[in-house]
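Structure first, commentary second.
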Amino acid sequence: MRISVLLPVYNGMPYICEAIESVLRQDFDQWELVVSDNGSTDGTRDYLRSLNDSRIRIYEQPLNLGIMGNLNFLLAHATASIARILGHDDRLLTGCLERTVQFMEDRPNCALSRCWACGDSVRYQKGGNLEWERLLPFRLDPHASTLAFATFGNLVGNICRAACRPHLVLQAGGFNQKYPAAGDYEAWLRVAKQFGMDFQNEELVFERIHELQNSTTQNLKNEVYPQLNSILEILSREVEPSVLEVLRRHWTIHFLSPRTSRCIQQILSGKFSLAILAWKNLPLNISAFSCISAYLIFKLKLPGASATTNYLLDRILKNNSSLQSLTKQSY
């Protein structure tokens with residue numbers, strides 16, 4: 001067994017059928033699929049019980065562990081040294097497992113890698129919404145990783161982009177259930193801070209975007225904002241003090257000002273308490289006024305927006321001691 005596919009699920013119908021079929025269709029066959037159902041009530045368990053493949057192990061949780069608890073359970077039950085996480089609404093593309101195994105086995109010290117999802121090759125192009133991240137090196141060492149997560153947020157993105165070594169993720173502390181909606185950001189930050197992070201710039205997965213996905217349903221009442229504020233406070237204590245002033249401006253423009261549009265929608269809907277929640281306990285004593293004032297800078301991509309990113313990216317590259325930093329990604 002060379003790779004464990006870890007699939008956490010809660011009420012995954014109908015998409016989980018496609019997710020599992022995408023594993024079964026892989027030409028590479030040295031895999032196991034470990035599924036942990038978190039108390040589904042929509043027919044997911046009936047579907048899982050109908051599967052008949054010795055490579056598939058299914059666990060039915062008697063109590064809902066939460067998303068982060070379910071991920072920790074799966075990491076602890078993986079038998080292969082390499083794992084790929086698969087959301088119940090996502091799919092593996094042809095060749096995904098073989099390419100993942102090759103990439104990770106070529107890098108025996110890699111604890112965490114991020115691949116691309118369908119369409120990412122365009123998003124990372126110049127002019128795409130992830131264009132700045134295309135300039136990152138193929139590998140970030142631990143010191144540079146912290147500033148990179150502070151600059152670009154969750155560098156992994158959706159969990160379906162992640163491959164890892166389960167024992168190293170657990171060694172770094174696993175997923176913290178204190179952050180039910182942003183725990184992947186906080187966990188990958190800790191893993192990268194300890195072990196660094198690698199980038200596999202190939203489209204290996206399909207990420208499904210829909211209104212019932214966790215990233216949407218878990219922020220209906222702005223639940224994610226306090227969690228993100230807490231993570232940014234952690235980052236503010238871990239980066240070099242010399243970058244804090246620029247980082248403060250960067251977060252104001254890129255991380256916090258985008259909340260303005262949602263805030264306006266909530267005010268127009270009469271949800272005043274939710275709108276206020278978006279601006280409570282902001283990191284580094286950033287004010288709501290400065291965030292709202294910076295919204296047009298972010299929205300119109302004015303020069304002030306790129307200035308902070310350019311400065312911080314330069315610091316990331318200088319901090320990165322890996323030999324990979326000598327070779328920038330080509331597009």
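Quick note on naming: the chains in the structure tokens go A, B, ... in the order shown, residues restart at 1 in each chain, and ligands are numbered from 1 in order of appearance.
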Within 10 Å of Glu186 in chain A, counting only C-alpha atoms, which residues show up once you throw out same-chain ones fewer than 2 positions away? Write them as a compact mmCIF listing (two decimals) with N, CA and C atoms, in the first residue's frame, please.
# COMPACT_ATOMS: atom_id res chain seq x y z
N PHE A 149 2.17 32.09 4.55
CA PHE A 149 0.80 31.90 5.01
C PHE A 149 0.22 33.22 5.52
N GLY A 153 -2.57 33.74 2.89
CA GLY A 153 -3.63 32.97 3.53
C GLY A 153 -3.35 31.48 3.45
N ASN A 154 -4.40 30.69 3.37
CA ASN A 154 -4.26 29.24 3.32
C ASN A 154 -3.71 28.83 1.96
N GLY A 174 -1.96 17.89 14.38
CA GLY A 174 -3.20 17.61 13.69
C GLY A 174 -4.08 18.84 13.52
N PHE A 175 -5.37 18.61 13.39
CA PHE A 175 -6.34 19.69 13.17
C PHE A 175 -6.96 20.11 14.50
N ASN A 176 -6.93 21.39 14.77
CA ASN A 176 -7.42 21.95 16.03
C ASN A 176 -8.93 22.20 15.92
N LYS A 178 -10.73 23.81 17.75
CA LYS A 178 -11.07 25.18 18.15
C LYS A 178 -11.44 26.01 16.92
N TYR A 179 -11.02 25.55 15.74
CA TYR A 179 -11.27 26.28 14.49
C TYR A 179 -12.10 25.40 13.55
N ALA A 182 -12.04 27.09 10.02
CA ALA A 182 -10.75 27.52 9.47
C ALA A 182 -9.61 26.65 9.98
N GLY A 183 -9.93 25.47 10.44
CA GLY A 183 -8.92 24.61 11.03
C GLY A 183 -7.88 24.11 10.06
N ASP A 184 -8.24 24.01 8.77
CA ASP A 184 -7.24 23.57 7.80
C ASP A 184 -6.17 24.63 7.63
N TRP A 188 -2.38 23.57 8.53
CA TRP A 188 -1.33 23.57 7.50
C TRP A 188 -0.25 24.59 7.85
N LEU A 189 -0.64 25.69 8.48
CA LEU A 189 0.34 26.67 8.93
C LEU A 189 1.32 26.03 9.91
N ARG A 190 0.81 25.27 10.87
CA ARG A 190 1.68 24.61 11.86
C ARG A 190 2.58 23.56 11.21
N VAL A 191 2.00 22.79 10.29
CA VAL A 191 2.79 21.76 9.61
C VAL A 191 3.91 22.41 8.80
N GLN A 227 -12.51 33.17 13.82
CA GLN A 227 -11.45 32.16 13.72
C GLN A 227 -10.27 32.70 12.90
N LEU A 228 -10.56 33.36 11.80
CA LEU A 228 -9.50 33.94 10.99
C LEU A 228 -8.77 35.04 11.76
N SER A 230 -8.27 35.16 14.91
CA SER A 230 -7.40 34.48 15.87
C SER A 230 -6.14 33.94 15.20
N ILE A 231 -6.30 33.37 14.01
CA ILE A 231 -5.14 32.83 13.28
C ILE A 231 -4.19 33.96 12.88
N LEU A 232 -4.74 35.08 12.46
CA LEU A 232 -3.89 36.22 12.09
C LEU A 232 -3.15 36.76 13.30
N ILE A 234 -2.10 34.94 15.76
CA ILE A 234 -1.01 33.98 15.94
C ILE A 234 0.13 34.30 14.98
N LEU A 235 -0.22 34.54 13.72
CA LEU A 235 0.79 34.86 12.73
C LEU A 235 1.54 36.14 13.06
DSSP strand (DSSP E or B) residues within range 93-320 of chain A, as a PDB file with C-alpha atoms, in the first residue's frame:
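New file states_33.pdb:
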ATOM      1  CA  LEU A 112       2.685  18.634   3.023  1.00  0.00           C
ATOM      2  CA  SER A 113       2.187  19.324  -0.667  1.00  0.00           C
ATOM      3  CA  ARG A 114      -0.430  21.212  -2.615  1.00  0.00           C
ATOM      4  CA  CYS A 115      -1.522  20.317  -6.140  1.00  0.00           C
ATOM      5  CA  TRP A 116      -3.715  22.260  -8.523  1.00  0.00           C
ATOM      6  CA  ALA A 117      -7.422  21.742  -9.120  1.00  0.00           C
ATOM      7  CA  PRO A 137       9.376  28.697  -5.201  1.00  0.00           C
ATOM      8  CA  ARG A 139       9.450  24.478  -1.973  1.00  0.00           C
ATOM      9  CA  LEU A 140       9.106  26.764   1.028  1.00  0.00           C
ATOM     10  CA  ALA A 162      -3.607  18.464  -0.072  1.00  0.00           C
ATOM     11  CA  ALA A 163      -1.303  15.459   0.070  1.00  0.00           C
ATOM     12  CA  CYS A 164       0.614  14.757   3.237  1.00  0.00           C
ATOM     13  CA  MET A 197       5.778  22.847   2.210  1.00  0.00           C
ATOM     14  CA  ASP A 198       6.047  21.698  -1.409  1.00  0.00           C
ATOM     15  CA  PHE A 199       4.015  22.681  -4.474  1.00  0.00           C
ATOM     16  CA  GLN A 200       3.014  20.158  -7.134  1.00  0.00           C
ATOM     17  CA  ASN A 201       1.860  22.393  -9.938  1.00  0.00           C
ATOM     18  CA  GLU A 202      -0.278  19.889 -11.812  1.00  0.00           C
ATOM     19  CA  GLU A 203      -4.063  19.741 -12.107  1.00  0.00           C
ATOM     20  CA  LEU A 204      -4.856  16.519 -10.256  1.00  0.00           C
ATOM     21  CA  VAL A 205      -8.291  17.097  -8.723  1.00  0.00           C
ATOM     22  CA  PHE A 206     -11.694  18.566  -9.528  1.00  0.00           C
TER      23      PHE A 206
END
Quiz item: So how far away is CA of Val9 in chain A from CA of Asp37 in chain A, in Å?
Solution: 5.0 Å
Would you list the contacts of Ala307 in chain A as a PDB file with N, CA and C atoms, in the first residue's frame, taking every protein, DNA or RNA residue within 12 Å and counting only C-alpha atoms, but skipping same-chain residues closer than 2 positions in sequence?
ATOM      1  N   TRP A 132      -0.051  36.176  -7.952  1.00  0.00           N
ATOM      2  CA  TRP A 132       1.137  36.422  -7.139  1.00  0.00           C
ATOM      3  C   TRP A 132       1.744  35.122  -6.622  1.00  0.00           C
ATOM      4  N   VAL A 246       3.937  46.565   7.419  1.00  0.00           N
ATOM      5  CA  VAL A 246       3.487  46.267   6.060  1.00  0.00           C
ATOM      6  C   VAL A 246       2.400  45.192   6.094  1.00  0.00           C
ATOM      7  N   LEU A 247       2.591  44.205   6.955  1.00  0.00           N
ATOM      8  CA  LEU A 247       1.601  43.139   7.063  1.00  0.00           C
ATOM      9  C   LEU A 247       0.258  43.684   7.557  1.00  0.00           C
ATOM     10  N   ARG A 249      -0.983  46.619   6.941  1.00  0.00           N
ATOM     11  CA  ARG A 249      -1.602  47.242   5.780  1.00  0.00           C
ATOM     12  C   ARG A 249      -2.096  46.187   4.793  1.00  0.00           C
ATOM     13  N   HIS A 250      -1.308  45.150   4.615  1.00  0.00           N
ATOM     14  CA  HIS A 250      -1.649  44.067   3.690  1.00  0.00           C
ATOM     15  C   HIS A 250      -2.931  43.363   4.126  1.00  0.00           C
ATOM     16  N   ILE A 253      -6.072  45.473   3.512  1.00  0.00           N
ATOM     17  CA  ILE A 253      -6.534  45.529   2.123  1.00  0.00           C
ATOM     18  C   ILE A 253      -7.033  44.172   1.640  1.00  0.00           C
ATOM     19  N   HIS A 254      -6.225  43.134   1.824  1.00  0.00           N
ATOM     20  CA  HIS A 254      -6.478  41.855   1.155  1.00  0.00           C
ATOM     21  C   HIS A 254      -7.285  40.857   1.979  1.00  0.00           C
ATOM     22  N   ILE A 297      -9.538  50.034  -2.874  1.00  0.00           N
ATOM     23  CA  ILE A 297      -8.159  49.687  -3.256  1.00  0.00           C
ATOM     24  C   ILE A 297      -8.095  48.221  -3.648  1.00  0.00           C
ATOM     25  N   PHE A 298      -8.754  47.375  -2.834  1.00  0.00           N
ATOM     26  CA  PHE A 298      -8.789  45.940  -3.122  1.00  0.00           C
ATOM     27  C   PHE A 298      -9.615  45.645  -4.366  1.00  0.00           C
ATOM     28  N   LYS A 301      -8.074  46.952  -7.578  1.00  0.00           N
ATOM     29  CA  LYS A 301      -6.665  46.550  -7.733  1.00  0.00           C
ATOM     30  C   LYS A 301      -5.769  47.765  -7.984  1.00  0.00           C
ATOM     31  N   LEU A 302      -5.946  48.762  -7.138  1.00  0.00           N
ATOM     32  CA  LEU A 302      -5.135  49.967  -7.233  1.00  0.00           C
ATOM     33  C   LEU A 302      -3.697  49.677  -6.809  1.00  0.00           C
ATOM     34  N   PRO A 303      -2.742  50.533  -7.192  1.00  0.00           N
ATOM     35  CA  PRO A 303      -1.320  50.268  -6.904  1.00  0.00           C
ATOM     36  C   PRO A 303      -1.017  49.956  -5.445  1.00  0.00           C
ATOM     37  N   GLY A 304      -1.749  50.544  -4.516  1.00  0.00           N
ATOM     38  CA  GLY A 304      -1.498  50.274  -3.105  1.00  0.00           C
ATOM     39  C   GLY A 304      -1.699  48.824  -2.721  1.00  0.00           C
ATOM     40  N   ALA A 305      -2.544  48.134  -3.475  1.00  0.00           N
ATOM     41  CA  ALA A 305      -2.814  46.730  -3.184  1.00  0.00           C
ATOM     42  C   ALA A 305      -1.611  45.859  -3.542  1.00  0.00           C
ATOM     43  N   THR A 309       1.920  43.318  -1.365  1.00  0.00           N
ATOM     44  CA  THR A 309       2.166  41.945  -1.804  1.00  0.00           C
ATOM     45  C   THR A 309       3.575  41.804  -2.362  1.00  0.00           C
ATOM     46  N   ASN A 310       3.996  42.761  -3.158  1.00  0.00           N
ATOM     47  CA  ASN A 310       5.319  42.722  -3.764  1.00  0.00           C
ATOM     48  C   ASN A 310       6.413  42.754  -2.702  1.00  0.00           C
ATOM     49  N   TYR A 311       6.237  43.615  -1.708  1.00  0.00           N
ATOM     50  CA  TYR A 311       7.228  43.713  -0.628  1.00  0.00           C
ATOM     51  C   TYR A 311       7.313  42.402   0.158  1.00  0.00           C
ATOM     52  N   LEU A 312       6.170  41.845   0.524  1.00  0.00           N
ATOM     53  CA  LEU A 312       6.159  40.634   1.340  1.00  0.00           C
ATOM     54  C   LEU A 312       6.658  39.432   0.548  1.00  0.00           C
ATOM     55  N   LEU A 313       6.311  39.355  -0.732  1.00  0.00           N
ATOM     56  CA  LEU A 313       6.819  38.260  -1.562  1.00  0.00           C
ATOM     57  C   LEU A 313       8.337  38.307  -1.639  1.00  0.00           C
ATOM     58  N   ASP A 314       8.879  39.498  -1.790  1.00  0.00           N
ATOM     59  CA  ASP A 314      10.338  39.643  -1.829  1.00  0.00           C
ATOM     60  C   ASP A 314      10.971  39.137  -0.532  1.00  0.00           C
TER      61      ASP A 314
END
Practice problem: Would you please give, as a PyMOL selection string, all residues of range 46-121 of chain A that DSSP assigns to helix (DSSP H, G or I) based on the backbone? | Solution: chain A and resi 46-49+66-77+96-105+120-121
Practice problem: For Asn229 in chain A, please output as a count of residues only all residues within 9 Å (counting only C-alpha atoms; exclusion window: fewer than 4 positions along the same chain). | Solution: 8
Quiz prompt | Selection: 8 Å around range 284-293 of chain A, only C-alpha atoms, excl. self and same-chain fewer than 5 positions, as a list in words | solution = Glu233, Ser236, Arg248, Thr252, Ile253, Leu256, Ser257, Thr260 and Trp279 of chain A
Practice problem: Give me, please, the distance in Å between CA of Phe195 in chain A and CA of Leu170 in chain A, quoted to one decimal. | Solution: 12.2 Å
Self-check item: Close residues, Arg208 in chain A itself excluded, 10 Å, only C-alpha atoms, min 5 positions apart in chain, as a list in words
Solution: Tyr15, Gly87, His88, Asp89, Asp90, Arg91, Ala117, Cys118, Asn158, Cys160 and Gln213 of chain A
Go ahead and save the picked residues with N, CA and C atoms, as a short mmCIF file (atom, residue, chain, number, x, y, z; two decimals), in the first residue's frame.
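Contents of the output file again24.cif:
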data_model
loop_
_atom_site.label_atom_id
_atom_site.label_comp_id
_atom_site.auth_asym_id
_atom_site.auth_seq_id
_atom_site.Cartn_x
_atom_site.Cartn_y
_atom_site.Cartn_z
N TYR A 15 -22.99 13.57 -4.31
CA TYR A 15 -21.66 13.74 -4.88
C TYR A 15 -20.65 12.69 -4.44
N GLY A 87 -12.38 15.55 -0.54
CA GLY A 87 -13.69 15.98 -0.07
C GLY A 87 -14.78 15.13 -0.68
N HIS A 88 -15.90 14.94 0.03
CA HIS A 88 -16.93 14.04 -0.49
C HIS A 88 -17.62 14.61 -1.73
N ASP A 89 -17.42 15.89 -2.02
CA ASP A 89 -18.04 16.49 -3.20
C ASP A 89 -17.03 16.76 -4.31
N ASP A 90 -15.81 16.29 -4.14
CA ASP A 90 -14.76 16.53 -5.14
C ASP A 90 -14.41 15.22 -5.86
N ARG A 91 -13.50 15.30 -6.83
CA ARG A 91 -13.10 14.11 -7.58
C ARG A 91 -11.61 14.12 -7.85
N ALA A 117 -6.12 22.26 -8.71
CA ALA A 117 -7.42 21.74 -9.12
C ALA A 117 -7.70 22.21 -10.55
N CYS A 118 -8.73 21.66 -11.17
CA CYS A 118 -9.10 22.06 -12.53
C CYS A 118 -9.25 23.57 -12.63
N ASN A 158 -8.67 24.45 -0.80
CA ASN A 158 -9.57 23.34 -0.49
C ASN A 158 -8.77 22.09 -0.11
N CYS A 160 -9.02 19.14 -0.84
CA CYS A 160 -8.78 18.16 -1.90
C CYS A 160 -7.46 18.41 -2.62
N GLN A 213 -21.55 23.50 -0.04
CA GLN A 213 -20.23 23.06 0.40
C GLN A 213 -19.91 23.69 1.76
#
Practice problem: Please provide as a list of chain:residue names all residues within 8 Å of range 44-49 of chain A, with the sequence filter that same-chain residues fewer than 6 positions apart are discarded (counting only C-alpha atoms). | Solution: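 In the requested form, the answer reads A:Tyr10, A:Asn11, A:Gly12, A:Met13, A:Ile16, A:Cys17, A:Asp37, A:Ile58, A:Glu60.
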Quiz item: Counting only C-alpha atoms, which of A:Asn109, A:Pro8, A:Phe103, A:Ala148 gets nearest to Gln61 in chain A?
Solution: A:Pro8
Quiz prompt | Counting only C-alpha atoms, the option among A:Arg161, A:Lys271, A:Lys299, A:Lys193 closest to Phe255 in chain A | solution =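 Of the candidates, the smallest distance to Phe255 in chain A is held by A:Lys299.
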Exercise. One decimal, Å: what's the distance from CA of Arg2 in chain A over to CA of Glu32 in chain A, could you say?
Key: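 Atom-to-atom, CA of Arg2 in chain A to CA of Glu32 in chain A, that is 8.4 Å.
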Quiz prompt | Distance criterion (only C-alpha atoms): nearest to Asn222 in chain A out of A:Ile276, A:Leu93, A:Ile264, A:Leu244 | solution =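 Closest to Asn222 in chain A, using only C-alpha atoms: A:Ile276.
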Quiz prompt | Nearest candidate to Asp106 in chain A (options A:Pro166, A:Gly119, A:Ile82, A:Leu92; using only C-alpha atoms) | solution =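 Checking each of A:Pro166, A:Gly119, A:Ile82, A:Leu92 against Asp106 in chain A, counting only C-alpha atoms, the winner is A:Ile82.
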